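Let me begin by presenting the structure, written as structure tokens, before commenting on it.
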Amino acid sequence: MWVNFQEKHEFNPIHDHKGALSFVIWMKIPTSHKEQKEISFVKGSNAQHFVSNFCFVYTDIIGNIKTLGYGMEQSIEGTMVMFPSRLNHQVYPFFKSEDERVSISGNIGLEPI
């Protein structure tokens with residue numbers, strides 16, 4: 001288990017984890033995805049659906065790369081998402097806030113008895 005402290009412009013590139021399950025709990029979200037996508041350099045770009053968000057990346061049954069994002073809003077503070085550790089995911093940067101984004105993450109390993 002670990003705590004992530006992210007400041008404006010910081011992000012986590014696409015990655016996966018070891019173990020059986022991973023989780024994230026969003027403790028503090030200093031921005032609103034709805035407001036972030038209205039920033040002038042984001043608005044109208046292909047980044048507006050991703051800016052400031054947590055996103056899973058996977059391949060569908062016919063080989064297309066797909067994404068599933070969680071819009072970072074203060075209303076999801078305290079929410080926990082658990083997922084298979086090998087599922088690729090990433091966290092996009094946020095802008096126009098001097099506050100930190102804080103989350104708790106961890107991995108759960110299973111061993112045969």
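How things are named: the first chain in the structure tokens is A, the next is B, and so on; residues count from 1 in each chain; ligands count from 1 in the order shown.
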
Query raised in the report: Could you name the residues that touch Phe83 in chain A at 12 Å or less, counting only C-alpha atoms, but leaving out those on the same chain fewer than 6 positions away, as a PyMOL selection string?
Result: chain A and resi 16-25+55-56+89+105-108

Report task. Per DSSP on the backbone, filter chain A down to the residues in strand (DSSP E) and report them as an NGL selection string. Result -> :A and (2-6 or 12-15 or 21-28 or 54-59 or 65-70 or 80-84 or 88-91 or 101-108)

Restricting the output to N, CA and C atoms, write the selected residues as a tab-separated table (two decimals), in the first residue's frame.
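And here's again-v8.tsv as it stands now:
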```
chain	number	residue	atom	x	y	z
A	2	TRP	N	0.46	2.29	-0.68
A	2	TRP	CA	1.22	3.53	-0.73
A	2	TRP	C	0.27	4.70	-0.94
A	3	VAL	N	0.78	5.89	-0.69
A	3	VAL	CA	0.01	7.11	-0.87
A	3	VAL	C	0.63	7.89	-2.02
A	4	ASN	N	-0.21	8.39	-2.92
A	4	ASN	CA	0.22	9.19	-4.05
A	4	ASN	C	-0.13	10.66	-3.79
A	5	PHE	N	0.85	11.53	-3.93
A	5	PHE	CA	0.62	12.97	-3.83
A	5	PHE	C	0.99	13.55	-5.19
A	6	GLN	N	0.02	14.09	-5.90
A	6	GLN	CA	0.30	14.67	-7.21
A	6	GLN	C	-0.02	16.15	-7.21
A	12	ASN	N	0.67	9.86	-13.97
A	12	ASN	CA	1.24	8.51	-13.93
A	12	ASN	C	1.03	7.90	-15.31
A	13	PRO	N	2.10	7.57	-16.03
A	13	PRO	CA	1.94	6.98	-17.36
A	13	PRO	C	1.30	5.60	-17.28
A	14	ILE	N	0.90	5.09	-18.40
A	14	ILE	CA	0.24	3.78	-18.46
A	14	ILE	C	1.14	2.72	-17.83
A	15	HIS	N	0.52	1.89	-16.97
A	15	HIS	CA	1.28	0.85	-16.26
A	15	HIS	C	0.30	-0.19	-15.71
A	21	LEU	N	-4.98	-8.46	-7.40
A	21	LEU	CA	-5.87	-7.31	-7.44
A	21	LEU	C	-5.11	-6.05	-7.03
A	22	SER	N	-5.53	-4.94	-7.59
A	22	SER	CA	-5.01	-3.64	-7.19
A	22	SER	C	-6.19	-2.76	-6.84
A	23	PHE	N	-5.92	-1.68	-6.13
A	23	PHE	CA	-7.01	-0.76	-5.79
A	23	PHE	C	-6.49	0.66	-5.71
A	24	VAL	N	-7.42	1.59	-5.81
A	24	VAL	CA	-7.14	3.00	-5.60
A	24	VAL	C	-8.32	3.59	-4.82
A	25	ILE	N	-7.99	4.45	-3.86
A	25	ILE	CA	-9.00	5.20	-3.11
A	25	ILE	C	-8.64	6.67	-3.28
A	26	TRP	N	-9.56	7.45	-3.83
A	26	TRP	CA	-9.29	8.88	-4.02
A	26	TRP	C	-9.65	9.62	-2.75
A	27	MET	N	-8.66	10.22	-2.13
A	27	MET	CA	-8.84	10.90	-0.85
A	27	MET	C	-9.09	12.39	-1.02
A	28	LYS	N	-8.39	13.01	-1.97
A	28	LYS	CA	-8.57	14.45	-2.19
A	28	LYS	C	-8.44	14.74	-3.67
A	54	PHE	N	-8.54	9.45	-14.12
A	54	PHE	CA	-7.97	8.10	-13.98
A	54	PHE	C	-8.59	7.28	-15.10
A	55	CYS	N	-7.79	6.46	-15.77
A	55	CYS	CA	-8.30	5.77	-16.95
A	55	CYS	C	-7.72	4.36	-17.07
A	56	PHE	N	-8.61	3.39	-17.32
A	56	PHE	CA	-8.19	2.03	-17.67
A	56	PHE	C	-8.00	1.97	-19.17
A	57	VAL	N	-7.02	1.17	-19.62
A	57	VAL	CA	-6.76	0.97	-21.04
A	57	VAL	C	-6.73	-0.53	-21.29
A	58	TYR	N	-7.53	-0.98	-22.27
A	58	TYR	CA	-7.63	-2.41	-22.52
A	58	TYR	C	-7.91	-2.65	-24.00
A	59	THR	N	-7.78	-3.89	-24.43
A	59	THR	CA	-8.08	-4.30	-25.80
A	59	THR	C	-9.38	-5.06	-25.80
A	65	ILE	N	-8.18	-0.89	-29.17
A	65	ILE	CA	-7.77	-0.35	-27.88
A	65	ILE	C	-8.89	0.56	-27.37
A	66	LYS	N	-9.32	0.30	-26.16
A	66	LYS	CA	-10.43	1.02	-25.54
A	66	LYS	C	-9.98	1.64	-24.23
A	67	THR	N	-10.73	2.64	-23.77
A	67	THR	CA	-10.46	3.26	-22.49
A	67	THR	C	-11.75	3.35	-21.68
A	68	LEU	N	-11.59	3.34	-20.38
A	68	LEU	CA	-12.70	3.57	-19.46
A	68	LEU	C	-12.18	4.52	-18.40
A	69	GLY	N	-12.73	5.72	-18.37
A	69	GLY	CA	-12.23	6.74	-17.48
A	69	GLY	C	-13.14	7.01	-16.30
A	70	TYR	N	-12.53	7.47	-15.23
A	70	TYR	CA	-13.25	7.96	-14.06
A	70	TYR	C	-13.04	9.46	-14.02
A	80	MET	N	-13.51	3.85	-3.67
A	80	MET	CA	-12.46	2.86	-3.91
A	80	MET	C	-12.83	2.06	-5.15
A	81	VAL	N	-11.85	1.86	-6.01
A	81	VAL	CA	-12.02	1.02	-7.20
A	81	VAL	C	-11.00	-0.11	-7.09
A	82	MET	N	-11.48	-1.34	-7.24
A	82	MET	CA	-10.61	-2.52	-7.21
A	82	MET	C	-10.64	-3.14	-8.60
A	83	PHE	N	-9.47	-3.60	-9.07
A	83	PHE	CA	-9.38	-4.10	-10.45
A	83	PHE	C	-8.25	-5.13	-10.55
A	84	PRO	N	-8.28	-5.97	-11.61
A	84	PRO	CA	-7.20	-6.93	-11.81
A	84	PRO	C	-5.86	-6.20	-11.95
A	88	ASN	N	-4.06	-2.44	-17.50
A	88	ASN	CA	-3.32	-1.19	-17.69
A	88	ASN	C	-4.18	0.00	-17.26
A	89	HIS	N	-3.53	0.98	-16.67
A	89	HIS	CA	-4.23	2.18	-16.23
A	89	HIS	C	-3.24	3.33	-16.18
A	90	GLN	N	-3.79	4.54	-16.11
A	90	GLN	CA	-2.95	5.74	-16.05
A	90	GLN	C	-3.74	6.87	-15.41
A	91	VAL	N	-3.00	7.90	-15.00
A	91	VAL	CA	-3.61	9.07	-14.39
A	91	VAL	C	-3.12	10.29	-15.16
A	101	ARG	N	-3.49	16.41	-5.40
A	101	ARG	CA	-4.43	15.31	-5.55
A	101	ARG	C	-3.84	14.17	-4.74
A	102	VAL	N	-4.63	13.55	-3.87
A	102	VAL	CA	-4.13	12.51	-2.98
A	102	VAL	C	-4.95	11.24	-3.17
A	103	SER	N	-4.25	10.14	-3.34
A	103	SER	CA	-4.91	8.83	-3.43
A	103	SER	C	-4.09	7.80	-2.67
A	104	ILE	N	-4.75	6.75	-2.27
A	104	ILE	CA	-4.11	5.60	-1.65
A	104	ILE	C	-4.26	4.44	-2.62
A	105	SER	N	-3.17	3.75	-2.89
A	105	SER	CA	-3.19	2.62	-3.82
A	105	SER	C	-2.53	1.42	-3.16
A	106	GLY	N	-2.82	0.25	-3.70
A	106	GLY	CA	-2.19	-0.95	-3.17
A	106	GLY	C	-2.43	-2.15	-4.06
A	107	ASN	N	-1.73	-3.21	-3.76
A	107	ASN	CA	-1.85	-4.48	-4.46
A	107	ASN	C	-2.15	-5.58	-3.47
A	108	ILE	N	-2.90	-6.56	-3.92
A	108	ILE	CA	-3.24	-7.72	-3.11
A	108	ILE	C	-2.76	-8.96	-3.85
```

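Selecting helix (DSSP H, G or I) from the backbone DSSP output for chain A yields His33, Lys34, Glu35, Gln36, Gln74, Ser75 and Ile76 of chain A.
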
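The smallest atom-to-atom distance between Gly78 in chain A and any of A:Ile113, A:Glu98, A:Pro93, A:Ile29, using only C-alpha atoms, is found for A:Ile29.
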
**Report entry** Residues near Glu73 in chain A, cut-off 7 Å, only C-alpha atoms, skip fewer than 6 positions along chain, as a ChimeraX atom specification
**Finding:** /A:29,31-33

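The coordinates place CA of Leu87 in chain A at 24.7 Å from CA of Gln74 in chain A.
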
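Closest approach to Lys37 in chain A among A:Lys96, A:His9, A:His49, A:Arg86 is made by A:His49 (distances from only C-alpha atoms).
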
Report summary line: note - CA of Phe95 in chain A and CA of Ser52 in chain A are separated by 7.7 Å

**Report entry** Interatomic distance, CA of Phe94 in chain A to CA of Met72 in chain A (Å, one decimal)
**Finding:** 9.5 Å
